[in-house]
$ cat protein.cif   # mmCIF, C-alpha atoms
data_protein
loop_
_atom_site.label_atom_id
_atom_site.label_comp_id
_atom_site.auth_asym_id
_atom_site.auth_seq_id
_atom_site.Cartn_x
_atom_site.Cartn_y
_atom_site.Cartn_z
CA MET A 1 -197.19 -89.95 58.35
CA ARG A 2 -197.37 -87.10 55.82
CA ALA A 3 -195.43 -89.09 53.22
CA SER A 4 -197.92 -91.96 53.59
CA ARG A 5 -200.81 -89.53 53.15
CA LEU A 6 -199.27 -88.07 49.98
CA VAL A 7 -198.96 -91.55 48.53
CA SER A 8 -202.57 -92.32 49.49
CA LEU A 9 -203.77 -89.10 47.86
CA LEU A 10 -201.89 -89.95 44.68
CA LEU A 11 -203.27 -93.48 44.55
CA LEU A 12 -206.83 -92.24 45.19
CA LEU A 13 -206.63 -89.92 42.18
CA GLN A 14 -205.07 -92.67 40.11
CA THR A 15 -207.81 -95.18 40.85
CA ARG A 16 -210.86 -92.90 41.15
CA GLY A 17 -210.11 -90.11 38.70
CA ARG A 18 -211.33 -86.60 39.49
CA MET A 19 -211.99 -85.88 43.18
CA THR A 20 -212.76 -82.64 44.98
CA ALA A 21 -210.68 -81.34 47.86
CA GLN A 22 -213.57 -82.09 50.23
CA GLU A 23 -213.85 -85.69 48.99
CA LEU A 24 -210.11 -86.19 49.45
CA ALA A 25 -210.24 -84.62 52.91
CA ASP A 26 -213.11 -86.88 53.96
CA ARG A 27 -211.38 -90.00 52.66
CA LEU A 28 -208.02 -89.18 54.25
CA GLU A 29 -209.60 -87.79 57.45
CA VAL A 30 -207.83 -84.42 57.28
CA SER A 31 -208.90 -80.81 56.69
CA VAL A 32 -209.42 -79.30 53.25
CA ARG A 33 -206.56 -76.89 54.02
CA THR A 34 -204.27 -79.90 54.51
CA ILE A 35 -205.32 -81.25 51.10
CA TYR A 36 -204.40 -77.91 49.51
CA ARG A 37 -200.92 -78.11 51.07
CA ASP A 38 -200.50 -81.75 49.99
CA VAL A 39 -201.49 -80.97 46.41
CA GLU A 40 -198.94 -78.14 46.35
CA SER A 41 -196.28 -80.55 47.59
CA LEU A 42 -197.10 -83.03 44.82
CA HIS A 43 -196.88 -80.19 42.28
CA THR A 44 -193.45 -79.30 43.62
CA ALA A 45 -192.37 -82.92 43.31
CA GLY A 46 -193.26 -82.87 39.62
CA ILE A 47 -196.47 -84.90 39.75
CA PRO A 48 -198.70 -83.91 36.76
CA LEU A 49 -201.68 -82.96 38.89
CA TYR A 50 -204.12 -80.18 38.02
CA GLY A 51 -207.35 -78.80 39.43
CA ASP A 52 -210.49 -77.22 38.00
CA ALA A 53 -212.79 -74.82 39.81
CA GLY A 54 -216.58 -74.89 39.74
CA PRO A 55 -219.36 -77.31 40.73
CA LYS A 56 -217.91 -80.08 38.57
CA GLY A 57 -214.30 -79.26 39.37
CA GLY A 58 -211.74 -81.14 41.37
CA TYR A 59 -208.22 -82.50 41.19
CA GLN A 60 -207.13 -84.94 38.52
CA LEU A 61 -203.92 -86.55 37.25
CA LEU A 62 -202.80 -85.89 33.70
CA ASP A 63 -204.23 -88.55 31.39
CA GLY A 64 -201.92 -91.53 31.06
CA TYR A 65 -199.92 -90.85 34.23
CA ARG A 66 -199.56 -93.79 36.60
CA THR A 67 -197.32 -94.09 39.61
CA ARG A 68 -194.93 -97.02 39.86
CA LEU A 69 -195.19 -97.20 43.63
CA THR A 70 -195.41 -100.87 44.63
CA GLY A 71 -194.09 -100.91 48.22
CA LEU A 72 -196.13 -102.33 51.07
CA THR A 73 -195.56 -101.79 54.75
CA THR A 74 -195.50 -104.77 57.11
CA ASP A 75 -198.95 -103.92 58.49
CA GLU A 76 -200.39 -103.49 54.98
CA ALA A 77 -199.04 -106.84 53.80
CA GLU A 78 -200.44 -108.61 56.87
CA SER A 79 -203.84 -106.95 56.57
CA LEU A 80 -204.25 -108.15 52.98
CA PHE A 81 -204.08 -111.75 54.14
CA LEU A 82 -206.58 -111.04 56.93
CA ALA A 83 -209.04 -109.44 54.50
CA GLY A 84 -209.87 -112.60 52.58
CA LEU A 85 -213.21 -114.36 53.07
CA PRO A 86 -212.63 -117.92 51.78
CA GLY A 87 -216.20 -119.08 52.40
CA PRO A 88 -218.00 -116.22 50.63
CA ALA A 89 -215.37 -116.21 47.87
CA ALA A 90 -216.04 -119.90 47.21
CA GLU A 91 -219.81 -119.27 47.11
CA LEU A 92 -219.20 -116.57 44.51
CA GLY A 93 -217.08 -118.99 42.47
CA LEU A 94 -213.92 -117.00 43.19
CA ALA A 95 -212.04 -119.35 45.51
CA ALA A 96 -209.42 -120.23 42.89
CA VAL A 97 -209.05 -116.56 41.92
CA VAL A 98 -208.47 -115.48 45.53
CA THR A 99 -205.93 -118.26 46.06
CA ALA A 100 -204.05 -117.34 42.88
CA ALA A 101 -204.00 -113.65 43.83
CA GLN A 102 -202.62 -114.43 47.29
CA LEU A 103 -199.93 -116.65 45.77
CA LYS A 104 -198.87 -113.90 43.36
CA LEU A 105 -198.82 -111.33 46.16
CA MET A 106 -196.80 -113.67 48.38
CA ALA A 107 -194.26 -114.25 45.62
CA ALA A 108 -193.88 -110.51 45.02
CA LEU A 109 -193.27 -109.61 48.67
CA PRO A 110 -189.78 -109.26 50.12
CA VAL A 111 -188.69 -112.21 52.24
CA GLU A 112 -189.26 -110.45 55.59
CA LEU A 113 -192.81 -109.41 54.64
CA ARG A 114 -193.53 -112.82 53.11
CA ASP A 115 -192.73 -114.55 56.41
CA ARG A 116 -194.93 -112.16 58.42
CA ALA A 117 -197.86 -112.51 55.99
CA GLY A 118 -197.55 -116.29 56.03
CA ARG A 119 -197.77 -116.35 59.82
CA VAL A 120 -201.03 -114.39 59.67
CA GLN A 121 -202.64 -117.18 57.63
CA GLU A 122 -201.33 -119.78 60.07
CA ARG A 123 -202.63 -117.99 63.17
CA PHE A 124 -205.93 -116.33 62.18
CA HIS A 125 -209.03 -117.86 60.63
CA LEU A 126 -212.31 -116.06 59.98
CA ASP A 127 -215.52 -118.11 60.29
CA ALA A 128 -218.32 -115.66 59.50
CA PRO A 129 -221.54 -117.72 59.99
CA THR A 130 -223.18 -117.85 63.41
CA TRP A 131 -223.39 -120.95 65.64
CA TYR A 132 -226.10 -123.58 65.26
CA ARG A 133 -227.03 -122.67 61.71
CA ASP A 134 -226.81 -125.07 58.80
CA PRO A 135 -225.35 -123.60 55.60
CA GLN A 136 -228.08 -122.39 53.26
CA PRO A 137 -227.73 -123.23 49.56
CA VAL A 138 -227.19 -120.16 47.39
CA THR A 139 -227.65 -121.75 43.98
CA HIS A 140 -228.29 -118.48 42.19
CA LEU A 141 -225.52 -116.45 43.85
CA PRO A 142 -223.04 -116.50 40.91
CA ALA A 143 -225.77 -115.36 38.50
CA VAL A 144 -226.86 -112.62 40.90
CA ALA A 145 -223.26 -111.46 41.34
CA ASP A 146 -222.82 -111.36 37.56
CA ALA A 147 -225.95 -109.22 37.21
CA VAL A 148 -224.71 -106.87 39.95
CA TRP A 149 -221.34 -106.49 38.23
CA ASN A 150 -222.71 -106.05 34.70
CA GLU A 151 -225.78 -103.98 35.66
CA ARG A 152 -228.17 -106.48 34.09
CA VAL A 153 -231.89 -106.60 34.93
CA LEU A 154 -233.18 -109.81 36.56
CA GLU A 155 -236.56 -111.51 36.65
CA VAL A 156 -236.83 -113.66 39.76
CA SER A 157 -239.33 -115.86 41.51
CA TYR A 158 -238.93 -115.14 45.22
CA ARG A 159 -240.23 -116.75 48.43
CA ARG A 160 -241.07 -114.23 51.13
CA TRP A 161 -242.51 -114.57 54.62
CA LYS A 162 -245.92 -112.94 54.18
CA ALA A 163 -248.73 -114.00 51.85
CA PRO A 164 -248.62 -114.45 48.98
CA GLN A 165 -245.35 -116.20 49.71
CA GLU A 166 -244.20 -116.79 46.14
CA VAL A 167 -243.95 -113.59 44.08
CA GLU A 168 -242.41 -112.50 40.79
CA ARG A 169 -240.11 -109.50 40.78
CA ARG A 170 -238.20 -107.48 38.20
CA LEU A 171 -234.99 -106.31 39.86
CA GLU A 172 -232.17 -103.90 39.14
CA PRO A 173 -229.41 -105.35 41.38
CA TYR A 174 -227.26 -102.69 43.08
CA GLY A 175 -225.08 -104.82 45.37
CA LEU A 176 -224.53 -107.89 47.53
CA VAL A 177 -224.03 -108.05 51.30
CA VAL A 178 -222.95 -111.07 53.35
CA LYS A 179 -223.97 -110.97 57.02
CA ALA A 180 -223.47 -113.81 59.47
CA GLY A 181 -222.91 -116.21 56.57
CA LEU A 182 -226.11 -115.19 54.75
CA TRP A 183 -226.13 -113.39 51.39
CA TYR A 184 -228.50 -110.49 50.75
CA LEU A 185 -229.21 -108.74 47.45
CA VAL A 186 -229.90 -105.00 47.48
CA ALA A 187 -231.94 -104.17 44.38
CA ARG A 188 -234.43 -101.70 43.00
CA SER A 189 -237.92 -103.07 42.41
CA GLY A 190 -240.28 -100.51 40.92
CA ASP A 191 -239.57 -97.20 42.62
CA GLN A 192 -238.08 -98.63 45.83
CA VAL A 193 -234.74 -100.16 46.84
CA ARG A 194 -235.33 -103.35 48.81
CA THR A 195 -233.37 -106.22 50.37
CA TYR A 196 -233.75 -109.86 49.31
CA ARG A 197 -232.19 -112.99 50.82
CA VAL A 198 -230.42 -114.77 47.97
CA SER A 199 -231.25 -118.24 49.35
CA GLN A 200 -234.98 -117.37 48.97
CA ILE A 201 -234.70 -116.87 45.20
CA LEU A 202 -236.52 -119.83 43.66
CA SER A 203 -235.69 -119.14 40.01
CA LEU A 204 -233.80 -116.48 38.13
CA HIS A 205 -233.73 -115.23 34.55
CA PRO A 206 -231.24 -112.55 33.41
CA LEU A 207 -232.76 -110.17 30.86
CA PRO A 208 -230.84 -108.64 27.96
CA GLU A 209 -231.93 -105.25 29.30
CA ARG A 210 -229.37 -103.27 31.28
CA PHE A 211 -229.75 -100.43 33.77
CA THR A 212 -227.53 -97.65 35.09
CA ARG A 213 -226.64 -97.90 38.76
CA PRO A 214 -227.01 -94.49 40.47
CA GLY A 215 -223.57 -92.98 40.91
CA ASP A 216 -224.42 -91.67 44.37
CA PHE A 217 -225.75 -94.97 45.75
CA ASP A 218 -223.69 -95.98 48.81
CA LEU A 219 -224.18 -99.68 49.55
CA ALA A 220 -222.61 -99.54 53.03
CA ALA A 221 -224.70 -96.51 54.04
CA TYR A 222 -227.88 -98.16 52.71
CA TRP A 223 -227.15 -101.34 54.67
CA GLN A 224 -226.60 -99.49 57.94
CA ALA A 225 -229.86 -97.59 57.47
CA TYR A 226 -231.66 -100.84 56.61
CA LEU A 227 -230.37 -102.55 59.77
CA ALA A 228 -231.49 -99.62 61.92
CA GLU A 229 -234.95 -99.65 60.34
CA PHE A 230 -235.19 -103.43 60.69
CA GLU A 231 -234.28 -103.23 64.37
CA ALA A 232 -236.88 -100.51 64.91
CA ARG A 233 -239.60 -102.56 63.19
CA LEU A 234 -238.87 -105.52 65.43
CA ARG A 235 -239.59 -103.55 68.59
CA TRP A 236 -243.35 -103.72 69.24
CA GLY A 237 -243.30 -101.97 72.60
CA GLU A 238 -241.67 -101.93 76.03
CA ALA A 239 -241.73 -104.07 79.14
CA VAL A 240 -241.02 -103.07 82.72
CA VAL A 241 -239.33 -105.85 84.67
CA ARG A 242 -237.50 -106.51 87.94
CA LEU A 243 -234.23 -108.41 87.74
CA SER A 244 -232.30 -110.13 90.49
CA PRO A 245 -228.53 -109.55 90.66
CA GLN A 246 -228.13 -112.87 88.85
CA GLY A 247 -230.74 -111.79 86.30
CA MET A 248 -228.77 -108.63 85.53
CA ARG A 249 -225.68 -110.74 84.94
CA LEU A 250 -227.55 -113.25 82.75
CA LEU A 251 -229.05 -110.50 80.63
CA ALA A 252 -225.80 -109.85 78.75
CA ASN A 253 -225.57 -113.49 77.63
CA LEU A 254 -229.23 -114.19 76.88
CA MET A 255 -230.59 -110.97 75.36
CA THR A 256 -229.75 -108.88 72.29
CA PRO A 257 -227.37 -105.89 72.62
CA GLY A 258 -230.31 -103.47 72.23
CA VAL A 259 -232.12 -104.98 75.20
CA VAL A 260 -228.95 -105.02 77.30
CA ALA A 261 -228.21 -101.37 76.49
CA ALA A 262 -231.78 -100.32 77.34
CA ALA A 263 -231.60 -102.18 80.66
CA LYS A 264 -228.39 -100.38 81.62
CA GLU A 265 -229.78 -96.98 80.62
CA THR A 266 -233.07 -97.35 82.53
CA ALA A 267 -231.82 -99.27 85.58
CA GLN A 268 -233.10 -97.84 88.86
CA PRO A 269 -231.24 -98.24 92.15
CA PRO A 270 -231.63 -101.77 93.60
CA ASP A 271 -234.56 -102.19 96.00
CA GLY A 272 -234.47 -103.70 99.47
CA GLU A 273 -234.14 -107.21 98.01
CA GLY A 274 -231.32 -106.18 95.68
CA TRP A 275 -233.53 -106.38 92.59
CA THR A 276 -233.27 -103.77 89.81
CA ARG A 277 -236.19 -102.30 87.90
CA VAL A 278 -235.56 -101.69 84.16
CA THR A 279 -237.51 -100.87 81.00
CA VAL A 280 -236.58 -102.79 77.85
CA PRO A 281 -237.93 -103.01 74.28
CA ILE A 282 -239.85 -106.13 73.22
CA GLU A 283 -240.70 -107.52 69.81
CA SER A 284 -244.09 -109.04 70.64
CA ILE A 285 -245.94 -110.68 73.53
CA ASP A 286 -245.17 -114.16 72.21
CA HIS A 287 -241.49 -113.43 71.62
CA ALA A 288 -241.04 -111.62 74.95
CA THR A 289 -242.67 -114.51 76.83
CA GLY A 290 -240.05 -116.92 75.54
CA GLU A 291 -237.22 -114.45 76.13
CA PHE A 292 -238.10 -113.71 79.75
CA LEU A 293 -238.81 -117.34 80.59
CA ARG A 294 -235.15 -118.00 79.79
CA LEU A 295 -234.28 -115.96 82.88
CA GLY A 296 -236.33 -118.31 85.08
CA THR A 297 -236.92 -117.05 88.60
CA ASP A 298 -234.46 -114.17 88.22
CA VAL A 299 -237.03 -111.92 86.51
CA GLU A 300 -240.47 -110.55 87.35
CA VAL A 301 -242.49 -108.84 84.62
CA LEU A 302 -244.45 -105.85 85.93
CA ALA A 303 -245.89 -104.49 82.65
CA PRO A 304 -247.57 -104.73 80.25
CA ALA A 305 -250.34 -106.67 81.96
CA GLU A 306 -250.86 -108.95 78.96
CA LEU A 307 -247.24 -110.11 79.09
CA ARG A 308 -247.37 -110.64 82.86
CA GLU A 309 -250.56 -112.70 82.50
CA ARG A 310 -249.08 -114.76 79.65
CA ILE A 311 -245.99 -115.64 81.70
CA ALA A 312 -248.16 -116.46 84.74
CA ALA A 313 -250.33 -118.75 82.62
CA THR A 314 -247.27 -120.46 81.16
CA ALA A 315 -245.78 -120.95 84.64
CA GLY A 316 -249.09 -122.39 85.83
CA GLU A 317 -249.19 -124.85 82.93
CA LEU A 318 -245.62 -125.90 83.67
CA THR A 319 -246.53 -126.47 87.32
CA ARG A 320 -249.47 -128.68 86.34
CA ARG A 321 -247.36 -130.59 83.84
CA TYR A 322 -244.43 -131.26 86.17
CA GLY A 323 -246.17 -131.02 89.56
#

$ encode --input "protein.cif" --output "structure tokens"
Amino acid sequence: MRASRLVSLLLLLQTRGRMTAQELADRLEVSVRTIYRDVESLHTAGIPLYGDAGPKGGYQLLDGYRTRLTGLTTDEAESLFLAGLPGPAAELGLAAVVTAAQLKLMAALPVELRDRAGRVQERFHLDAPTWYRDPQPVTHLPAVADAVWNERVLEVSYRRWKAPQEVERRLEPYGLVVKAGLWYLVARSGDQVRTYRVSQILSLHPLPERFTRPGDFDLAAYWQAYLAEFEARLRWGEAVVRLSPQGMRLLANLMTPGVVAAAKETAQPPDGEGWTRVTVPIESIDHATGEFLRLGTDVEVLAPAELRERIAATAGELTRRYG
């Protein structure tokens, strides 16, 4: 375990350059004291590694030094062939590149690892998009990816949901995210970083102007914060409902994880009829009406009154239509 960590530390410094002891500790999930001991061990082994003190200090390999370590463990070799995303790679125009890289890696592996890695491809397939969704054309994705990589400013015509629907934007593209088969561009527009669906870009014009991507911008951290904010914006209020035993079971299959979690957290002891009272978040009256109607007779909405009245009116209309 320690030998593997020493190799990882060495490769981190080789690929990332100067790193502080705290950064290394965070990346390797150990204490700073452990990093100090590991660095001393690498010194003893003759690795040309030195450190500087101060706010801009850190550990760094001597310029020009590169390790010749090329070994892969069985698990590492297998994971590389699980990490590929053939669909997104093809949309980025990189399908041939990914295939060529996997062929070169396969040829370089020892026979025993080659056989294990080959079986991974035969037995596992990743299909990222969700069910019942037609693929959306992403005509401008390669140009967007090029701008992200080369830090080039873009002028785009973009279709959004609110009026005016078609807008012009000047973007500094920071990164791309693919979620459930959909591509999203994270870019600075004016003084704010925003998220844009790539399929909604109507036209695109790369400018000769370049920008400098902030060194401390963390795409993964931004995306997690964006998802949390998006989820919070969706929730308009709360509803108090009674659920039959069957309704509680159906909830997990018909509602979002946030609603299911809220129901479990707020569930009161079953009443005399075996029904459970819960409080769950709702997006809007219209949306909640459709969601709760999916549960049929296994749910009774108690509050808010507007939602209860809307469901009663819908049930009455259905009775008249089918009665």

$ atom_distance --input "protein.cif" --atom1 "atom CA of A:His205" --atom2 "atom CA of A:Val156"
6.3 Å

$ resolve_selection --input "protein.cif" --expression "the PyMOL selection byres ((chain A and resi 141-143) around 12)" --output "number ranges by chain"
A: 88-94, 136-140, 144-156, 173, 175-178, 182-185, 196-207

$ resolve_selection --input "protein.cif" --expression "the PyMOL selection byres ((chain A and resi 224-239) around 9)" --output "JSON, numbers by chain"
{"A": [194, 195, 219, 220, 221, 222, 223, 240, 241, 258, 278, 279, 280, 281, 282, 283, 284, 285, 288, 301, 302, 303, 304, 307]}

$ closest_residue --input "protein.cif" --among "A:Asn253, A:Leu6, A:Ser244, A:Ala262" --to "A:Thr297" --atoms "all atoms listed in the file"
A:Ser244

$ residues_around --input "protein.cif" --residues "stretch 36-52 of chain A" --least-positions-apart "2" --cutoff "8 Å" --atoms "all atoms listed in the file" --output "PDB file with C-alpha atoms, keeping the file's coordinate frame"
ATOM      1  CA  LEU A   6    -199.270 -88.070  49.980  1.00  0.00           C
ATOM      2  CA  ALA A  21    -210.680 -81.340  47.860  1.00  0.00           C
ATOM      3  CA  VAL A  32    -209.420 -79.300  53.250  1.00  0.00           C
ATOM      4  CA  ARG A  33    -206.560 -76.890  54.020  1.00  0.00           C
ATOM      5  CA  THR A  34    -204.270 -79.900  54.510  1.00  0.00           C
ATOM      6  CA  GLY A  54    -216.580 -74.890  39.740  1.00  0.00           C
ATOM      7  CA  LYS A  56    -217.910 -80.080  38.570  1.00  0.00           C
ATOM      8  CA  GLY A  57    -214.300 -79.260  39.370  1.00  0.00           C
ATOM      9  CA  GLY A  58    -211.740 -81.140  41.370  1.00  0.00           C
ATOM     10  CA  TYR A  59    -208.220 -82.500  41.190  1.00  0.00           C
ATOM     11  CA  GLN A  60    -207.130 -84.940  38.520  1.00  0.00           C
ATOM     12  CA  LEU A  61    -203.920 -86.550  37.250  1.00  0.00           C
ATOM     13  CA  LEU A  62    -202.800 -85.890  33.700  1.00  0.00           C
ATOM     14  CA  TYR A  65    -199.920 -90.850  34.230  1.00  0.00           C
TER      15      TYR A  65
END

$ atom_distance --input "protein.cif" --atom1 "atom CA of A:Leu243" --atom2 "atom CA of A:Trp275"
5.3 Å

$ closest_residue --input "protein.cif" --among "A:Ala313, A:Met255, A:Leu9, A:Leu318" --to "A:Glu291" --atoms "all atoms listed in the file"
A:Met255

$ residues_around --input "protein.cif" --residues "A:Ser189" --least-positions-apart "3" --cutoff "9 Å" --atoms "only C-alpha atoms" --output "list of chain:residue names"
A:Arg169, A:Arg170, A:Leu171, A:Glu172, A:Pro173, A:Gln192, A:Val193, A:Arg194

$ closest_residue --input "protein.cif" --among "A:Glu29, A:Asp298, A:Asp127, A:Glu168" --to "A:Leu251" --atoms "only C-alpha atoms"
A:Asp298

$ closest_residue --input "protein.cif" --among "A:Arg249, A:Lys162, A:Arg213, A:Arg308" --to "A:Tyr174" --atoms "all atoms listed in the file"
A:Arg213
